[in-house]
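As provided, my_file.txt (compact mmCIF, C-alpha atoms) reads as follows.
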# COMPACT_ATOMS: atom_id res chain seq x y z
CA MET A 246 -0.93 8.99 -4.34
CA GLU A 247 -1.54 6.55 -1.45
CA LYS A 248 0.91 7.05 1.42
CA ILE A 249 2.41 3.89 2.92
CA LEU A 250 4.60 3.63 6.01
CA ILE A 251 6.74 0.48 5.98
CA ILE A 252 8.09 -0.78 9.31
CA HIS A 253 10.83 -3.39 9.61
CA ASN A 254 13.25 -4.59 12.29
CA GLU A 255 16.49 -5.68 10.61
CA TYR A 256 18.13 -8.96 11.60
CA GLN A 257 21.59 -8.99 13.19
CA GLN A 258 22.82 -11.14 10.33
CA LYS A 259 21.32 -9.83 7.11
CA GLY A 260 19.31 -12.57 5.44
CA GLY A 261 16.68 -13.28 2.83
CA GLU A 262 13.90 -11.43 4.66
CA ASP A 263 15.93 -8.20 4.86
CA VAL A 264 16.70 -8.44 1.14
CA ALA A 265 13.02 -9.12 0.35
CA VAL A 266 11.89 -6.10 2.38
CA SER A 267 14.36 -3.77 0.65
CA LYS A 268 13.22 -5.00 -2.78
CA GLU A 269 9.57 -4.54 -1.85
CA ILE A 270 10.25 -1.01 -0.64
CA GLU A 271 11.91 -0.34 -3.99
CA ILE A 272 8.96 -1.46 -6.13
CA LEU A 273 6.31 0.03 -3.85
CA SER A 274 8.08 3.39 -4.08
CA LYS A 275 7.38 3.41 -7.84
CA ASN A 276 3.62 3.16 -7.25
CA PHE A 277 3.01 4.78 -3.86
CA ASN A 278 4.34 7.54 -1.65
CA VAL A 279 6.50 5.43 0.67
CA GLU A 280 8.40 6.24 3.84
CA THR A 281 10.14 3.74 6.12
CA LEU A 282 10.75 3.22 9.81
CA ILE A 283 13.65 0.79 10.21
CA PHE A 284 14.86 -0.60 13.54
CA ASN A 285 17.92 -2.67 14.43
CA ASN A 286 18.78 -4.74 17.49
CA GLN A 287 21.95 -3.00 18.62
CA ILE A 288 21.86 -2.80 22.41
CA GLN A 289 22.60 0.62 23.94
CA ASN A 290 20.80 0.52 27.29
CA TYR A 291 20.38 -2.86 29.01
CA ILE A 292 17.96 -1.55 31.67
CA SER A 293 15.69 -0.09 29.01
CA LEU A 294 16.02 -3.32 27.04
CA LEU A 295 14.88 -5.49 29.96
CA PHE A 296 11.92 -3.19 30.58
CA SER A 297 10.96 -3.46 26.90
CA PHE A 298 11.17 -7.25 26.92
CA PHE A 299 8.91 -7.70 29.91
CA SER A 300 6.44 -4.97 28.95
CA ILE A 301 6.54 -6.01 25.25
CA SER A 302 6.65 -2.32 24.41
CA ASN A 303 9.69 -0.17 23.64
CA PRO A 304 9.22 3.49 24.65
CA ASN A 305 11.86 4.69 22.18
CA SER A 306 10.31 2.74 19.31
CA ASN A 307 6.85 4.01 20.24
CA ARG A 308 8.15 7.59 20.24
CA ARG A 309 9.75 7.16 16.83
CA LEU A 310 6.51 5.75 15.44
CA LYS A 311 4.38 8.58 16.83
CA GLU A 312 6.77 11.13 15.34
CA LYS A 313 6.65 9.42 11.95
CA LEU A 314 2.86 9.16 12.00
CA LYS A 315 2.58 12.85 12.81
CA SER A 316 5.02 14.01 10.13
CA PHE A 317 3.96 11.60 7.36
CA ASN A 318 0.31 10.81 8.22
CA PRO A 319 0.18 7.59 6.15
CA ASP A 320 -2.96 6.07 4.67
CA LEU A 321 -1.83 2.64 5.80
CA VAL A 322 1.00 1.00 7.74
CA TYR A 323 2.75 -2.11 6.41
CA ILE A 324 4.77 -4.09 8.99
CA HIS A 325 7.35 -6.83 8.49
CA ASN A 326 9.56 -8.07 11.37
CA THR A 327 9.06 -6.55 14.84
CA TRP A 328 11.44 -8.72 16.93
CA PHE A 329 12.69 -7.27 19.09
CA LYS A 330 13.50 -3.53 19.06
CA ALA A 331 10.35 -2.45 17.20
CA SER A 332 8.39 -4.48 19.76
CA LEU A 333 4.63 -4.86 20.00
CA GLY A 334 3.68 -1.52 21.51
CA ILE A 335 3.46 -0.13 17.99
CA PHE A 336 0.29 -2.18 17.35
CA LYS A 337 -1.49 -0.60 20.32
CA ILE A 338 -0.68 2.85 18.94
CA LEU A 339 -1.86 1.96 15.43
CA GLN A 340 -5.11 0.46 16.70
CA LYS A 341 -5.82 3.44 18.94
CA GLU A 342 -5.18 5.87 16.06
CA ASN A 343 -7.29 3.68 13.74
CA TYR A 344 -4.64 3.15 11.06
CA LYS A 345 -5.13 0.46 8.42
CA THR A 346 -2.48 -2.05 9.47
CA PHE A 347 -0.94 -4.87 7.43
CA VAL A 348 1.56 -7.49 8.60
CA LYS A 349 3.61 -9.66 6.24
CA LEU A 350 4.45 -13.05 7.75
CA HIS A 351 7.74 -14.21 6.24
CA ASN A 352 8.04 -17.26 8.52
CA PHE A 353 6.20 -19.34 11.12
CA ARG A 354 7.91 -17.98 14.24
CA TYR A 355 4.62 -16.61 15.56
CA PHE A 356 3.38 -20.22 15.82
CA CYS A 357 6.52 -21.70 17.39
CA THR A 358 6.72 -19.09 20.15
CA LYS A 359 3.04 -18.66 21.06
CA SER A 360 3.24 -20.74 24.27
CA PHE A 361 5.52 -21.49 27.21
CA LEU A 362 4.59 -25.17 26.96
CA LYS A 363 6.41 -27.55 24.65
CA SER A 364 3.21 -29.56 24.14
CA ASN A 365 1.59 -26.54 22.46
CA HIS A 366 4.45 -26.36 19.98
CA ILE A 367 5.71 -29.89 19.33
CA LYS A 368 3.67 -33.06 19.34
CA LYS A 369 5.21 -35.97 21.26
CA GLY A 370 7.70 -37.95 19.20
CA SER A 371 7.73 -35.54 16.28
CA ILE A 372 9.52 -32.39 15.13
CA CYS A 373 8.09 -28.99 14.34
CA ASN A 374 7.84 -28.55 10.57
CA ALA A 375 7.95 -24.79 11.03
CA CYS A 376 11.28 -24.50 12.90
CA GLY A 377 12.75 -28.03 12.98
CA SER A 378 12.87 -28.33 16.76
CA SER A 379 12.30 -31.74 18.35
CA GLY A 380 12.10 -30.42 21.90
CA GLU A 381 14.54 -33.08 23.14
CA ASN A 382 16.41 -30.55 25.26
CA THR A 383 13.51 -29.90 27.62
CA LEU A 384 10.67 -31.76 29.34
CA PHE A 385 7.83 -29.23 29.47
CA PHE A 386 9.19 -25.77 28.63
CA ASN A 387 9.03 -24.55 25.04
CA LYS A 388 12.76 -23.91 24.59
CA TYR A 389 12.76 -22.16 21.21
CA PHE A 390 16.43 -21.22 21.45
CA GLU A 391 18.13 -24.53 22.25
CA ASN A 392 21.21 -22.87 23.74
CA SER A 393 19.40 -20.35 25.94
CA PHE A 394 16.59 -20.68 28.48
CA LEU A 395 16.44 -16.90 29.04
CA LYS A 396 16.18 -16.01 25.35
CA SER A 397 13.49 -18.69 24.97
CA LEU A 398 11.56 -17.28 27.92
CA LEU A 399 11.69 -13.79 26.41
CA VAL A 400 10.74 -14.82 22.88
CA ASN A 401 7.84 -16.96 24.16
CA HIS A 402 6.57 -14.04 26.23
CA TYR A 403 6.81 -11.92 23.09
CA GLY A 404 5.33 -14.59 20.80
CA LYS A 405 2.33 -15.25 23.04
CA LYS A 406 1.33 -11.57 22.85
CA TYR A 407 2.10 -11.36 19.12
CA TYR A 408 -0.11 -14.35 18.35
CA LYS A 409 -3.05 -12.64 20.08
CA ILE A 410 -2.40 -9.49 18.05
CA LEU A 411 -2.48 -11.43 14.77
CA ASN A 412 -5.93 -12.72 15.74
CA LYS A 413 -7.29 -9.17 16.00
CA GLU A 414 -9.54 -8.07 13.15
CA PHE A 415 -7.79 -4.73 12.61
CA ILE A 416 -4.68 -6.65 11.39
CA THR A 417 -4.60 -7.77 7.77
CA LYS A 418 -2.19 -10.66 7.24
CA ILE A 419 -0.14 -11.09 4.05
CA VAL A 420 1.56 -14.46 3.60
CA LEU A 421 3.92 -15.77 0.93
CA THR A 422 2.11 -18.94 -0.12
CA ASN A 423 -1.30 -20.57 -0.29
CA HIS A 424 0.17 -23.26 1.97
CA HIS A 425 0.77 -20.63 4.67
CA LYS A 426 -2.76 -19.28 4.24
CA LYS A 427 -4.11 -22.79 4.79
CA PHE A 428 -1.87 -23.13 7.86
CA LEU A 429 -3.45 -19.98 9.35
CA LEU A 430 -6.91 -21.25 8.52
CA GLU A 431 -6.24 -24.47 10.44
CA LEU A 432 -5.19 -22.34 13.42
CA GLY A 433 -8.51 -20.52 13.25
CA ILE A 434 -7.07 -17.32 11.73
CA SER A 435 -9.22 -16.93 8.62
CA LYS A 436 -10.15 -13.26 8.38
CA ASN A 437 -8.19 -10.74 6.32
CA VAL A 438 -5.51 -13.07 4.94
CA TYR A 439 -3.95 -12.43 1.51
CA VAL A 440 -1.24 -14.22 -0.45
CA ASN A 441 1.57 -12.20 -2.01
CA PRO A 442 5.11 -13.59 -2.44
CA ASN A 443 8.27 -11.53 -2.27
CA PHE A 444 9.47 -9.85 -5.43
CA ILE A 445 12.50 -11.29 -7.21
CA PRO A 446 14.14 -8.96 -9.78
CA ASP A 447 15.23 -9.99 -13.26
CA PHE A 448 18.87 -11.07 -13.02
CA SER A 449 19.40 -11.36 -16.80
CA LYS A 450 22.53 -9.23 -16.70
CA ASN A 451 24.06 -11.62 -14.14
CA ILE A 452 23.54 -14.75 -16.20
CA SER A 453 26.74 -16.58 -17.06
CA VAL A 454 26.67 -18.50 -20.35
CA GLU A 455 29.47 -20.85 -19.37
CA LYS A 456 28.47 -23.15 -16.53
CA GLU A 457 30.86 -24.88 -14.16
CA ASN A 458 30.43 -28.31 -12.61
CA VAL A 459 29.29 -26.72 -9.38
CA LEU A 460 26.32 -27.21 -7.05
CA VAL A 461 25.47 -24.51 -4.51
CA TYR A 462 23.77 -24.54 -1.11
CA ALA A 463 23.31 -21.07 0.39
CA GLY A 464 21.60 -20.40 3.70
CA ARG A 465 21.71 -21.24 7.38
CA ILE A 466 24.05 -24.14 8.19
CA SER A 467 21.88 -26.08 10.61
CA ASP A 468 20.38 -29.53 11.06
CA GLU A 469 16.82 -28.48 10.24
CA LYS A 470 17.99 -27.16 6.86
CA GLY A 471 19.20 -30.66 5.95
CA VAL A 472 22.72 -29.53 5.06
CA GLN A 473 24.35 -32.77 6.26
CA GLU A 474 21.93 -34.82 4.16
CA VAL A 475 22.68 -32.63 1.14
CA ILE A 476 26.42 -33.22 1.54
CA SER A 477 26.04 -36.95 2.12
CA SER A 478 23.72 -37.34 -0.89
CA PHE A 479 26.10 -35.37 -3.09
CA LEU A 480 29.02 -37.58 -2.08
CA ASP A 481 26.92 -40.69 -2.80
CA SER A 482 26.01 -39.42 -6.27
CA GLU A 483 27.79 -40.08 -9.54
CA LEU A 484 29.00 -36.50 -9.97
CA ASP A 485 32.67 -37.13 -9.16
CA SER A 486 33.82 -34.15 -11.21
CA PHE A 487 31.48 -31.68 -9.45
CA ILE A 488 32.16 -29.33 -6.53
CA LEU A 489 29.56 -28.60 -3.83
CA LYS A 490 29.93 -25.02 -2.58
CA ILE A 491 28.28 -24.29 0.76
CA ILE A 492 27.60 -20.63 1.55
CA GLY A 493 26.50 -19.45 4.98
CA VAL A 494 27.05 -19.82 8.69
CA GLY A 495 25.19 -21.55 11.49
CA PRO A 496 25.42 -23.89 14.46
CA ALA A 497 26.31 -26.96 12.37
CA LEU A 498 29.08 -25.33 10.34
CA ASP A 499 32.13 -26.29 12.42
CA ARG A 500 30.92 -29.87 12.90
CA LEU A 501 30.28 -30.34 9.18
CA LYS A 502 33.65 -28.82 8.25
CA ARG A 503 35.39 -31.31 10.52
CA LYS A 504 33.35 -34.25 9.26
CA TYR A 505 33.57 -33.53 5.53
CA LYS A 506 37.16 -32.73 4.66
CA ASN A 507 36.82 -33.51 0.98
CA LYS A 508 38.29 -31.92 -2.15
CA ASN A 509 34.78 -31.81 -3.66
CA ILE A 510 33.28 -29.84 -0.74
CA GLU A 511 33.99 -26.12 -0.23
CA PHE A 512 32.71 -24.19 2.81
CA LEU A 513 32.74 -20.51 1.84
CA GLY A 514 31.25 -19.00 5.00
CA ALA A 515 29.14 -15.84 4.93
CA LEU A 516 29.05 -13.98 1.61
CA ASP A 517 27.01 -10.94 0.62
CA ASN A 518 24.10 -11.29 -1.79
CA GLU A 519 26.06 -10.05 -4.81
CA GLU A 520 28.88 -12.56 -4.27
CA THR A 521 26.38 -15.37 -3.77
CA LEU A 522 24.49 -14.51 -6.97
CA ASN A 523 27.74 -14.43 -8.90
CA ILE A 524 28.60 -17.97 -7.75
CA ILE A 525 25.07 -19.26 -8.47
CA SER A 526 25.05 -17.75 -11.97
CA LYS A 527 28.01 -19.97 -12.95
CA ALA A 528 26.69 -23.14 -11.30
CA LYS A 529 24.80 -26.09 -12.76
CA ALA A 530 22.27 -26.14 -9.94
CA VAL A 531 21.39 -25.07 -6.41
CA LEU A 532 19.97 -27.50 -3.89
CA THR A 533 18.38 -27.69 -0.47
CA GLY A 534 17.38 -30.54 1.80
CA THR A 535 15.28 -28.44 4.16
CA LYS A 536 13.17 -30.34 6.67
CA LEU A 537 10.87 -27.35 7.20
CA TYR A 538 7.79 -25.88 5.56
CA GLU A 539 9.74 -22.73 4.63
CA GLY A 540 8.17 -19.47 3.54
CA GLN A 541 9.51 -18.36 0.20
CA PRO A 542 12.82 -20.06 -0.75
CA THR A 543 14.95 -17.04 -1.69
CA LEU A 544 17.89 -19.16 -2.85
CA LEU A 545 15.71 -21.19 -5.22
CA CYS A 546 13.83 -18.19 -6.57
CA GLU A 547 17.05 -16.29 -7.26
CA ALA A 548 18.42 -19.39 -9.01
CA SER A 549 15.35 -19.54 -11.27
CA ALA A 550 15.73 -15.85 -12.08
CA LEU A 551 19.30 -16.66 -13.13
CA GLY A 552 18.16 -19.61 -15.25
CA ILE A 553 19.66 -22.15 -12.84
CA VAL A 554 18.01 -25.46 -11.89
CA SER A 555 16.92 -26.06 -8.29
CA ILE A 556 16.85 -29.42 -6.50
CA PHE A 557 14.39 -29.23 -3.62
CA PRO A 558 12.03 -31.32 -1.44
CA MET A 559 8.30 -31.28 -2.20
CA THR A 560 7.17 -29.69 1.05
CA GLY A 561 5.18 -26.72 2.31
CA GLY A 562 4.80 -23.93 -0.19
CA ILE A 563 8.08 -24.46 -2.06
CA GLN A 564 6.33 -26.12 -5.00
CA GLU A 565 4.25 -22.97 -5.59
CA PHE A 566 7.34 -21.26 -7.01
CA PHE A 567 7.95 -23.86 -9.72
CA PRO A 568 6.09 -25.32 -12.69
CA THR A 569 4.17 -28.48 -11.81
CA ASP A 570 6.21 -30.74 -14.10
CA ASN A 571 9.53 -30.09 -12.36
CA LEU A 572 12.02 -32.91 -12.93
CA PHE A 573 14.35 -32.00 -10.08
CA SER A 574 12.05 -31.99 -7.03
CA PHE A 575 12.32 -34.95 -4.67
CA GLU A 576 10.25 -36.62 -1.98
CA GLN A 577 11.12 -34.99 1.34
CA PHE A 578 13.36 -37.20 3.55
CA ASN A 579 13.80 -39.69 0.69
CA TYR A 580 17.53 -39.28 0.15
CA LYS A 581 17.74 -42.00 -2.48
CA ASP A 582 15.35 -39.85 -4.48
CA LEU A 583 17.55 -36.81 -3.78
CA ILE A 584 20.60 -38.70 -5.10
CA SER A 585 18.70 -39.63 -8.25
CA LYS A 586 17.80 -35.97 -8.87
CA ILE A 587 21.43 -34.91 -8.33
CA ASN A 588 22.48 -37.52 -10.90
CA LEU A 589 20.05 -35.97 -13.41
CA LEU A 590 22.49 -33.07 -13.71
CA LYS A 591 24.54 -35.27 -16.02
CA ASN A 592 21.79 -34.81 -18.63
CA ASP A 593 22.47 -31.37 -20.14
CA ASP A 594 19.28 -31.39 -22.22
CA LYS A 595 17.08 -31.92 -19.16
CA VAL A 596 18.99 -29.27 -17.24
CA LYS A 597 18.57 -26.68 -20.02
CA LYS A 598 14.89 -27.48 -20.50
CA GLN A 599 14.12 -27.21 -16.76
CA SER A 600 16.20 -24.04 -16.40
CA PHE A 601 14.21 -22.34 -19.16
CA SER A 602 10.90 -23.54 -17.72
CA ASN A 603 11.75 -22.36 -14.19
CA LYS A 604 12.82 -18.90 -15.35
CA LYS A 605 9.73 -18.42 -17.51
CA TYR A 606 7.44 -19.49 -14.67
CA LEU A 607 9.13 -17.29 -12.07
CA ASN A 608 9.18 -14.19 -14.28
CA THR A 609 5.40 -14.47 -14.57
CA TYR A 610 4.56 -15.57 -11.02
CA LEU A 611 6.79 -13.00 -9.30
CA SER A 612 6.58 -10.17 -11.79
CA GLU A 613 6.61 -6.65 -10.41
CA GLU A 614 3.22 -6.01 -11.98
CA LYS A 615 1.64 -9.03 -10.29
CA ILE A 616 3.18 -8.24 -6.88
CA ILE A 617 1.79 -4.69 -6.99
CA LYS A 618 -1.61 -5.91 -8.17
CA ASN A 619 -1.82 -8.37 -5.26
CA LEU A 620 -0.86 -5.69 -2.75
CA GLU A 621 -3.38 -3.24 -4.16
CA LYS A 622 -6.07 -5.88 -3.79
CA ALA A 623 -5.18 -6.32 -0.10
CA PHE A 624 -4.84 -2.57 0.51
CA TYR A 625 -8.10 -1.53 -1.15
CA GLU A 626 -10.35 -4.44 -0.19
CA THR A 627 -9.56 -4.03 3.50
CA LYS A 628 -11.93 -1.66 5.23
As structure tokens - that is how I would like this structure written.
Amino acid sequence: MEKILIIHNEYQQKGGEDVAVSKEIEILSKNFNVETLIFNNQIQNYISLLFSFFSISNPNSNRRLKEKLKSFNPDLVYIHNTWFKASLGIFKILQKENYKTFVKLHNFRYFCTKSFLKSNHIKKGSICNACGSSGENTLFFNKYFENSFLKSLLVNHYGKKYYKILNKEFITKIVLTNHHKKFLLELGISKNVYVNPNFIPDFSKNISVEKENVLVYAGRISDEKGVQEVISSFLDSELDSFILKIIGVGPALDRLKRKYKNKNIEFLGALDNEETLNIISKAKAVLTGTKLYEGQPTLLCEASALGIVSIFPMTGGIQEFFPTDNLFSFEQFNYKDLISKINLLKNDDKVKKQSFSNKKYLNTYLSEEKIIKNLEKAFYETK
């Protein structure tokens, strides 16, 4: 049985990517001999940390990798997030030891942080569709973290090196959508790129028959996610008897809580995945007003698995996770169109028909069998 080492650096606030990685480990373990090397960003030694940031290599992480390679001797290594404790020194080790190496790109951060110059990230007068930044807080420097020059300096230093690594032929890239594959192609990264979305399990046991007059947004509470526009559009709709439940935390949370003190708006803060799924299963719909390309919309995919309608903008690769005749998608940034799609929730027949169609499509597109087949294609075709 093929031996696979999976490497992942967990986020400080557990999010959709962490959940996706754990699910992928679960299904891969049924078909391969899998071991994991998981890092987290807890800081224990600041001097060592600073050295790692500037050298883009963490001696402790490198040691752990070498020990794992020696004890497990995998046939291939499958990497997810490396920021920041895993660091980039692991790629040098894997290339030197000639291991087949795969990287799954869950987002576009590699693009947004590949330069110190704002002009190489954001075109004048526009925003970045990958991260939502407008660059208004700086003249020339690519300030990825708007509230921190130092963190931006470090992540750009990291991202510049990471982008060069992704261009190396020994790295096979796995992306979530055909849209992302095209994005890489336009950047000149065309070799060894495969498409394989994240697995979404069957949530049939979580499905609630009785639905409440509830809409749900779950995710980061920030301007680039369009949360304010979602709230405003909901309040301008004809769904006076509905409640909009907003799950998550982020930089815009306090401002939005102050601005929208309304009996039809509930801010629930951070909830774990099980609590979130329970709320979604009883809702009429989930919605997002994201202004970004996005990778794979976990919220929307989980809603489809639960037989719940999603209202979403037609942008990036989001449409790839839905049937083409979706009634509830809207033109991005057209909030009159968003309001009209929210008002469609009054039509129970259309809601039921779309819910059934979404679930059927997702169960086929993101089936465990298809996910494994796609991965095997990438694993075995790569020399």
Task: Residues near segment 359-371 of chain A, cut-off 7 Å, all atoms listed in the file, skip fewer than 2 positions along chain, as a PyMOL selection string - done: chain A and resi 355-357+373+379-380+385-387+401+404-405+408
- [ ] Have a look at atom CA of Ser482 of chain A and atom CA of Leu460 of chain A and let me know their distance in Å, one decimal.
- [x] 12.2 Å
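Near segment 317-320 of chain A, within 10 Å and counting all atoms listed in the file, sit Met246, Glu247, Lys248, Ile249, Leu250, Ile251, Asn278, Val279, Glu280, Lys311, Glu312, Lys313, Leu314, Tyr344, Lys345, Thr346 and Phe624 of chain A, not including residues fewer than 3 positions from it in the same chain.
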Nearby residues (all atoms listed in the file) at most 12 Å from Leu484 of chain A, same-chain spacing under 5 positions excluded, as a PDB file with C-alpha atoms, in the frame of the given file:
ATOM      1  CA  ASN A 458      30.430 -28.310 -12.610  1.00  0.00           C
ATOM      2  CA  VAL A 459      29.290 -26.720  -9.380  1.00  0.00           C
ATOM      3  CA  LEU A 460      26.320 -27.210  -7.050  1.00  0.00           C
ATOM      4  CA  SER A 478      23.720 -37.340  -0.890  1.00  0.00           C
ATOM      5  CA  PHE A 479      26.100 -35.370  -3.090  1.00  0.00           C
ATOM      6  CA  LEU A 489      29.560 -28.600  -3.830  1.00  0.00           C
ATOM      7  CA  ASN A 509      34.780 -31.810  -3.660  1.00  0.00           C
ATOM      8  CA  LYS A 529      24.800 -26.090 -12.760  1.00  0.00           C
ATOM      9  CA  ILE A 584      20.600 -38.700  -5.100  1.00  0.00           C
ATOM     10  CA  SER A 585      18.700 -39.630  -8.250  1.00  0.00           C
ATOM     11  CA  LYS A 586      17.800 -35.970  -8.870  1.00  0.00           C
ATOM     12  CA  ILE A 587      21.430 -34.910  -8.330  1.00  0.00           C
ATOM     13  CA  ASN A 588      22.480 -37.520 -10.900  1.00  0.00           C
ATOM     14  CA  LEU A 589      20.050 -35.970 -13.410  1.00  0.00           C
ATOM     15  CA  LEU A 590      22.490 -33.070 -13.710  1.00  0.00           C
ATOM     16  CA  LYS A 591      24.540 -35.270 -16.020  1.00  0.00           C
ATOM     17  CA  ASN A 592      21.790 -34.810 -18.630  1.00  0.00           C
TER      18      ASN A 592
END
Open item on the list: Nearest residue to Ser486 of chain A out of A:Ile510, A:Val438, A:Ile288, A:Leu607, using all atoms listed in the file?
Closed with: A:Ile510
Task: Pick from A:His424, A:Lys436, A:Lys341, A:Arg354 nearest to Asn326 of chain A, counting all atoms listed in the file - done: A:Arg354
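Reported to one decimal place, the separation of atom CA of Val475 of chain A from atom CA of Phe444 of chain A is 27.1 Å.
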Work out where the centre of an axis-aligned box around every listed atom of segment 402-409 of chain A lies and how long its edges are once 5 Å is added on each side; give both in Å to one decimal as AutoDock Vina command-line options.
--center_x 1.9 --center_y -13.3 --center_z 22.3 --size_x 19.9 --size_y 13.9 --size_z 17.9
Task: Spatial neighbours of Phe298 of chain A, max dist 8 Å, only C-alpha atoms, sep filter under 5 positions, as a ChimeraX atom specification - done: /A:303,329,399,403
Task: One-decimal distance in Å that lies between atom CA of Val461 of chain A and atom CA of Leu480 of chain A - done: 13.8 Å
TODO: Tell me which protein, DNA and RNA residues are within 10 Å of Ile338 of chain A, counting all atoms listed in the file, leaving out same-chain ones fewer than 4 positions away, and put them as number ranges by chain.
DONE: A: 307, 310-311, 333-334, 342-344
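When only C-alpha atoms are used to compute distances to Asp499 of chain A, the closest of the residues A:Gln258, A:Ser449, A:Ser467, A:Asn523 turns out to be A:Ser467.
Taking only C-alpha atoms into account, Val266 of chain A lies nearest to A:Ile445 out of the set A:Ser435, A:Leu384, A:Tyr407, A:Ile445.
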